[in-house]
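Quick look at model.cif (mmCIF, C-alpha atoms):
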```cif
data_target
#
loop_
_atom_site.label_atom_id
_atom_site.label_comp_id
_atom_site.auth_asym_id
_atom_site.auth_seq_id
_atom_site.Cartn_x
_atom_site.Cartn_y
_atom_site.Cartn_z
CA MET A 1 157.81 70.48 75.80
CA PHE A 2 156.65 73.57 73.83
CA GLY A 3 153.59 74.36 75.91
CA CYS A 4 151.06 72.52 73.74
CA THR A 5 148.87 69.51 74.50
CA ILE A 6 149.17 66.44 72.30
CA ARG A 7 146.03 64.40 71.82
CA ARG A 8 145.89 61.07 70.13
CA LEU A 9 143.54 61.21 67.16
CA ALA A 10 142.06 58.47 65.10
CA PRO A 11 144.28 57.84 62.09
CA ARG A 12 143.29 59.72 58.94
CA ARG A 13 144.95 61.21 55.92
CA VAL A 14 146.20 64.78 56.35
CA PRO A 15 147.85 66.63 53.48
CA VAL A 16 151.63 66.95 53.85
CA ILE A 17 151.49 70.76 53.39
CA ALA A 18 149.17 71.23 56.36
CA ILE A 19 151.48 69.16 58.59
CA SER A 20 154.55 71.14 57.42
CA VAL A 21 152.89 74.50 58.19
CA ALA A 22 151.76 73.27 61.61
CA ILE A 23 155.26 72.03 62.50
CA LEU A 24 156.98 75.19 61.25
CA SER A 25 154.55 77.44 63.11
CA THR A 26 155.10 75.44 66.30
CA PHE A 27 158.82 76.17 66.11
CA GLY A 28 158.24 79.86 65.29
CA MET A 29 159.30 79.68 61.67
CA VAL A 30 155.98 80.52 60.01
CA PRO A 31 153.62 82.80 61.95
CA LEU A 32 149.96 81.85 61.65
CA THR A 33 148.80 85.06 63.33
CA ALA A 34 150.49 88.39 63.99
CA SER A 35 152.06 88.69 67.41
CA ALA A 36 152.73 91.82 69.43
CA SER A 37 156.36 91.78 68.28
CA ASP A 38 155.24 91.68 64.64
CA SER A 39 153.04 94.77 64.97
CA HIS A 40 154.38 97.88 63.25
CA THR A 41 154.83 101.19 64.97
CA VAL A 42 152.16 103.83 64.76
CA PRO A 43 153.00 106.15 61.84
CA THR A 44 153.98 109.78 62.27
CA CYS A 45 150.97 112.10 62.12
CA PHE A 46 150.08 113.89 58.92
CA HIS A 47 149.62 117.65 59.20
CA ASN A 48 145.88 117.49 58.49
CA GLN A 49 145.26 114.90 61.24
CA LEU A 50 145.96 117.43 63.99
CA VAL A 51 144.79 120.80 65.25
CA VAL A 52 146.62 122.91 67.84
CA ALA A 53 145.09 125.37 70.31
CA VAL A 54 146.10 127.26 73.42
CA ALA A 55 144.29 125.79 76.44
CA TRP A 56 144.38 129.20 78.15
CA ASP A 57 146.45 132.20 77.26
CA GLU A 58 146.39 134.20 80.46
CA PRO A 59 149.27 133.27 82.78
CA PRO A 60 147.66 131.97 85.98
CA ALA A 61 149.91 133.55 88.64
CA ALA A 62 152.85 135.81 89.30
CA GLY A 63 156.31 134.26 89.43
CA SER A 64 156.47 131.02 87.48
CA ASN A 65 153.95 130.92 84.67
CA GLY A 66 152.95 128.48 82.01
CA ILE A 67 150.67 128.23 79.03
CA PRO A 68 149.46 124.76 77.96
CA PHE A 69 148.76 123.82 74.35
CA LEU A 70 146.43 121.06 73.17
CA ILE A 71 147.10 118.89 70.12
CA ALA A 72 143.90 117.14 69.01
CA ASN A 73 143.76 114.20 66.63
CA ILE A 74 140.75 114.97 64.40
CA SER A 75 141.29 111.99 62.10
CA LYS A 76 140.01 108.41 62.27
CA THR A 77 143.42 106.81 62.78
CA SER A 78 146.06 106.86 65.50
CA CYS A 79 149.32 108.63 64.77
CA SER A 80 152.47 109.63 66.62
CA ILE A 81 154.72 112.61 67.29
CA ASP A 82 158.04 112.83 69.09
CA GLY A 83 160.32 115.53 70.40
CA PHE A 84 159.62 119.23 70.88
CA PRO A 85 157.50 121.74 68.98
CA LYS A 86 159.22 124.55 67.11
CA LEU A 87 157.75 127.89 68.18
CA ASN A 88 157.80 131.17 66.30
CA ILE A 89 156.33 133.72 68.70
CA SER A 90 155.54 137.21 67.49
CA PRO A 91 156.33 139.86 68.21
CA ASP A 92 159.53 138.66 69.89
CA ARG A 93 161.86 141.71 69.88
CA TYR A 94 162.17 144.82 71.98
CA LYS A 95 165.06 147.23 71.55
CA LYS A 96 168.07 145.00 70.80
CA ARG A 97 166.84 141.85 72.55
CA SER A 98 164.79 138.98 71.16
CA LEU A 99 162.86 136.12 72.73
CA GLU A 100 164.65 132.77 72.99
CA VAL A 101 162.80 129.43 73.10
CA LEU A 102 164.61 126.68 75.03
CA ASN A 103 163.69 122.98 74.98
CA GLY A 104 163.13 121.15 78.24
CA GLY A 105 160.32 122.60 80.31
CA GLY A 106 160.12 124.88 83.30
CA GLY A 107 157.86 127.40 84.94
CA LEU A 108 154.67 125.57 85.89
CA PHE A 109 155.56 122.49 83.81
CA ALA A 110 157.88 119.63 84.69
CA ARG A 111 161.19 119.17 82.95
CA MET A 112 161.23 115.90 81.07
CA ARG A 113 162.84 114.09 78.18
CA PRO A 114 161.09 113.69 74.85
CA HIS A 115 159.44 110.36 74.05
CA LEU A 116 157.13 108.95 71.38
CA VAL A 117 153.53 110.06 71.93
CA ILE A 118 150.67 108.19 70.28
CA ILE A 119 147.48 110.19 69.76
CA LYS A 120 144.37 108.09 69.20
CA PRO A 121 141.42 109.41 67.17
CA GLY A 122 139.46 112.02 69.12
CA GLU A 123 142.11 112.25 71.85
CA ASP A 124 144.58 114.96 72.82
CA ALA A 125 148.28 115.35 73.45
CA SER A 126 149.87 118.48 74.87
CA PHE A 127 152.95 120.57 75.48
CA GLY A 128 153.52 123.74 77.45
CA ILE A 129 155.67 126.81 77.58
CA GLY A 130 156.97 128.06 80.90
CA PHE A 131 158.42 131.42 81.86
CA GLY A 132 158.92 133.82 84.72
CA ASP A 133 157.46 137.31 84.90
CA GLY A 134 159.64 139.13 87.41
CA SER A 135 162.40 140.40 85.15
CA ASN A 136 162.86 143.68 83.31
CA GLN A 137 160.13 145.49 85.22
CA GLU A 138 161.33 148.77 83.72
CA ASP A 139 160.31 147.58 80.22
CA PRO A 140 156.78 148.33 79.00
CA SER A 141 153.91 146.21 80.25
CA GLY A 142 151.94 146.99 77.09
CA ALA A 143 152.14 146.50 73.34
CA PRO A 144 155.91 146.69 72.68
CA CYS A 145 156.55 143.65 74.92
CA MET A 146 153.31 141.70 74.45
CA THR A 147 153.12 138.66 72.21
CA GLN A 148 150.16 138.40 69.85
CA ASP A 149 150.38 134.96 68.31
CA VAL A 150 152.51 131.86 67.90
CA GLU A 151 153.20 129.58 64.97
CA VAL A 152 153.66 126.02 66.17
CA GLY A 153 155.71 123.66 64.04
CA LEU A 154 155.16 119.96 64.74
CA PRO A 155 157.29 117.05 63.51
CA VAL A 156 154.56 115.77 61.17
CA ARG A 157 154.34 114.52 57.61
CA VAL A 158 153.03 117.11 55.21
CA ASN A 159 150.09 116.44 52.93
CA GLU A 160 150.84 118.98 50.22
CA ILE A 161 152.84 121.91 51.56
CA ALA A 162 154.48 122.43 54.94
CA GLU A 163 152.35 124.52 57.25
CA ASN A 164 152.57 125.64 60.85
CA TYR A 165 149.64 125.82 63.23
CA GLU A 166 148.91 129.44 64.20
CA THR A 167 147.07 130.43 67.34
CA PRO A 168 146.69 133.63 69.43
CA LEU A 169 149.03 133.92 72.43
CA THR A 170 149.43 136.80 74.89
CA PHE A 171 152.12 137.31 77.51
CA ASN A 172 154.83 139.87 78.30
CA PHE A 173 158.11 138.51 76.89
CA CYS A 174 160.18 141.38 78.34
CA ASN A 175 159.05 140.47 81.88
CA ALA A 176 159.89 136.83 81.03
CA ASP A 177 163.48 138.01 80.55
CA PHE A 178 163.20 137.24 76.83
CA GLN A 179 163.16 133.52 77.47
CA VAL A 180 160.58 130.70 77.51
CA GLN A 181 161.03 126.97 78.03
CA VAL A 182 158.98 124.49 76.00
CA THR A 183 158.14 120.97 77.17
CA PRO A 184 158.26 117.90 74.95
CA PHE A 185 154.99 116.37 73.74
CA GLU A 186 152.95 114.45 76.33
CA SER A 187 150.13 111.97 75.91
CA ALA A 188 147.74 113.87 78.16
CA PRO A 189 145.37 116.81 77.64
CA LEU A 190 147.60 119.02 79.83
CA PRO A 191 151.36 119.01 80.39
CA ARG A 192 152.60 117.56 83.68
CA PRO A 193 152.88 120.25 86.38
CA ASN A 194 156.10 121.01 88.22
#
```
For the file at hand, write its structure as structure tokens.
Amino acid sequence: MFGCTIRRLAPRRVPVIAISVAILSTFGMVPLTASASDSHTVPTCFHNQLVVAVAWDEPPAAGSNGIPFLIANISKTSCSIDGFPKLNISPDRYKKRSLEVLNGGGGLFARMRPHLVIIKPGEDASFGIGFGDGSNQEDPSGAPCMTQDVEVGLPVRVNEIAENYETPLTFNFCNADFQVQVTPFESAPLPRPN
């Protein structure tokens, strides 16, 4: 009736406690072993479990461009992240305009919704920023409009003090019409292409 086989055993004395535990576990009242439903979720990553790097910082083609970022788990335990990174790109201003970071994706990378990403030890997750490069062609193509680095904020638990991950990043934000789109985290070494 409950998916178990009943065998007739030779009569012998069995302690009452053992029989009670066996009966209760058969009806699901006392688990003898942990089941998949009992397993806890993977905890949010600590800051010092991860490192962030730009996979390549030269936009690959004219038109729609993208720059992928790697997030490596350098610890010995799995952890999780969810949502979007917070980016502080600098420099980000020219004349009276400043760079805007929008969540969602675009450029070379697919638009998608955020979801929980589990990063196992020694494995990578990713996100990307997408942008165009055909706007504001009258603005400088050199230093005044070129980014130099980015601080990446991840939704992680801090160990001692909150820190961002800083990495070099170069592209012309004026030609990108002062706008980039960032993808949510993905459980792959590169963000999904468009």
Go through A:Gly132, A:Gly142, A:Gly107, A:Pro155 one by one, measure the shortest atom-to-atom distance of each to A:Pro191 using only C-alpha atoms, and give the residue with the smallest value.
->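 Comparing A:Gly132, A:Gly142, A:Gly107, A:Pro155 against A:Pro191, the winner is A:Gly107.
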Pairwise distance for atom CA of A:Pro193 and atom CA of A:Ala110, rounded to one decimal in Å |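 Separating atom CA of A:Pro193 from atom CA of A:Ala110 is a distance of 5.3 Å.
If you look at atom CA of A:Ser187 and atom CA of A:Ala125, they are 4.6 Å away from each other.
When all atoms listed in the file are used to compute distances to A:Gly122, the closest of the residues A:Thr183, A:Ser75, A:Ser64, A:Asn175 turns out to be A:Ser75.
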Please provide as a compact mmCIF listing (two decimals) with C-alpha atoms, in the frame of the given file all residues within 9 Å of A:Tyr165, with the sequence filter that same-chain residues fewer than 4 positions apart are discarded (counting all atoms listed in the file).
```txt
# COMPACT_ATOMS: atom_id res chain seq x y z
CA VAL A 51 144.79 120.80 65.25
CA VAL A 52 146.62 122.91 67.84
CA ALA A 53 145.09 125.37 70.31
CA VAL A 150 152.51 131.86 67.90
CA GLU A 151 153.20 129.58 64.97
CA VAL A 152 153.66 126.02 66.17
CA GLY A 153 155.71 123.66 64.04
CA LEU A 154 155.16 119.96 64.74
```
Rounded to one decimal place, report the atom CA of A:Gly83-atom CA of A:His47 distance in Å.
->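 These atoms are spaced 15.6 Å apart.
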Give me the residues within 8 Å of A:Val182 as a list in words, counting only C-alpha atoms and dropping any in the same chain fewer than 3 places off.
->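 Answer for this query is Phe84, Pro85, Val101, Leu102, Asn103, Gly104, Gly105, Gly106, Phe127, Gly128, Ile129 and Gly130 of chain A.
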Among the residues A:Asp124, A:Asp149, A:Glu100, A:Glu160, the one that comes closest to A:Ser80 [using all atoms listed in the file] | A:Asp124
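You can rank A:Val156, A:Ile81, A:Phe171, A:Lys120 by their closest distance to A:Asn48 using only C-alpha atoms, and at the top of that list sits A:Val156.
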Where does the PyMOL selection byres ((chain A and resi 157) around 7) land in this file, that is, which residues does it pick, as JSON, numbers by chain?
-> {"A": [44, 45, 46, 47, 156, 158, 159]}
For A:Gln148, please output as a ChimeraX atom specification all residues within 10 Å (counting all atoms listed in the file; exclusion window: fewer than 3 positions along the same chain).
-> /A:89-92,143,145,167-172
List the residues selected by the PyMOL selection byres ((chain A and resi 78) around 7) in the file shown, writing them as a PyMOL selection string.
-> chain A and resi 42+77+79+118-121
How about saving the chosen residues, C-alpha atoms kept, as a PDB file, in the coordinates of the input?
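What landed in selection-v8.pdb:
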```
ATOM      1  CA  VAL A  42     152.160 103.830  64.760  1.00  0.00           C
ATOM      2  CA  THR A  77     143.420 106.810  62.780  1.00  0.00           C
ATOM      3  CA  CYS A  79     149.320 108.630  64.770  1.00  0.00           C
ATOM      4  CA  ILE A 118     150.670 108.190  70.280  1.00  0.00           C
ATOM      5  CA  ILE A 119     147.480 110.190  69.760  1.00  0.00           C
ATOM      6  CA  LYS A 120     144.370 108.090  69.200  1.00  0.00           C
ATOM      7  CA  PRO A 121     141.420 109.410  67.170  1.00  0.00           C
TER       8      PRO A 121
END
```
Looking at A:Asp133, A:Asn164, A:Glu123, A:Asn73, which one is nearest to A:Val180, with distances taken over only C-alpha atoms?
-> A:Asp133
Starting from the structure just given, write a file holding stretch 121-135 of chain A with N, CA, C and O atoms, as a tab-separated table (two decimals), in the first residue's frame.
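Saved to part.tsv:
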```tsv
chain	number	residue	atom	x	y	z
A	121	PRO	N	32.51	25.53	-6.39
A	121	PRO	CA	33.94	25.84	-6.23
A	121	PRO	C	34.70	25.63	-7.54
A	121	PRO	O	34.51	24.63	-8.23
A	122	GLY	N	35.52	26.61	-7.89
A	122	GLY	CA	36.33	26.52	-9.10
A	122	GLY	C	35.58	26.79	-10.39
A	122	GLY	O	36.15	26.70	-11.47
A	123	GLU	N	34.30	27.13	-10.30
A	123	GLU	CA	33.51	27.40	-11.51
A	123	GLU	C	33.21	28.89	-11.63
A	123	GLU	O	33.46	29.66	-10.72
A	124	ASP	N	32.67	29.26	-12.79
A	124	ASP	CA	32.41	30.66	-13.11
A	124	ASP	C	30.95	30.93	-13.35
A	124	ASP	O	30.22	30.07	-13.85
A	125	ALA	N	30.54	32.14	-13.05
A	125	ALA	CA	29.28	32.71	-13.50
A	125	ALA	C	29.66	33.92	-14.34
A	125	ALA	O	30.86	34.21	-14.51
A	126	SER	N	28.68	34.61	-14.88
A	126	SER	CA	29.00	35.76	-15.73
A	126	SER	C	27.86	36.75	-15.78
A	126	SER	O	26.75	36.47	-15.34
A	127	PHE	N	28.17	37.90	-16.33
A	127	PHE	CA	27.18	38.90	-16.73
A	127	PHE	C	27.85	39.70	-17.83
A	127	PHE	O	29.05	39.55	-18.10
A	128	GLY	N	27.09	40.54	-18.52
A	128	GLY	CA	27.67	41.33	-19.59
A	128	GLY	C	27.07	42.71	-19.63
A	128	GLY	O	25.98	42.94	-19.10
A	129	ILE	N	27.79	43.61	-20.25
A	129	ILE	CA	27.21	44.93	-20.54
A	129	ILE	C	27.15	45.07	-22.06
A	129	ILE	O	28.07	44.65	-22.77
A	130	GLY	N	26.05	45.61	-22.54
A	130	GLY	CA	25.87	45.81	-23.96
A	130	GLY	C	25.65	47.27	-24.27
A	130	GLY	O	25.10	48.01	-23.45
A	131	PHE	N	26.08	47.69	-25.46
A	131	PHE	CA	25.94	49.09	-25.85
A	131	PHE	C	26.15	49.22	-27.34
A	131	PHE	O	26.74	48.35	-27.99
A	132	GLY	N	25.67	50.30	-27.89
A	132	GLY	CA	25.92	50.63	-29.29
A	132	GLY	C	27.12	51.55	-29.39
A	132	GLY	O	27.62	52.04	-28.38
A	133	ASP	N	27.59	51.79	-30.61
A	133	ASP	CA	28.72	52.71	-30.74
A	133	ASP	C	28.55	53.66	-31.92
A	133	ASP	O	29.51	54.25	-32.40
A	134	GLY	N	27.31	53.86	-32.35
A	134	GLY	CA	27.09	54.72	-33.52
A	134	GLY	C	26.57	56.09	-33.19
A	134	GLY	O	26.28	56.87	-34.09
A	135	SER	N	26.42	56.43	-31.94
A	135	SER	CA	25.85	57.73	-31.57
A	135	SER	C	26.93	58.76	-31.27
A	135	SER	O	28.07	58.41	-31.00
```
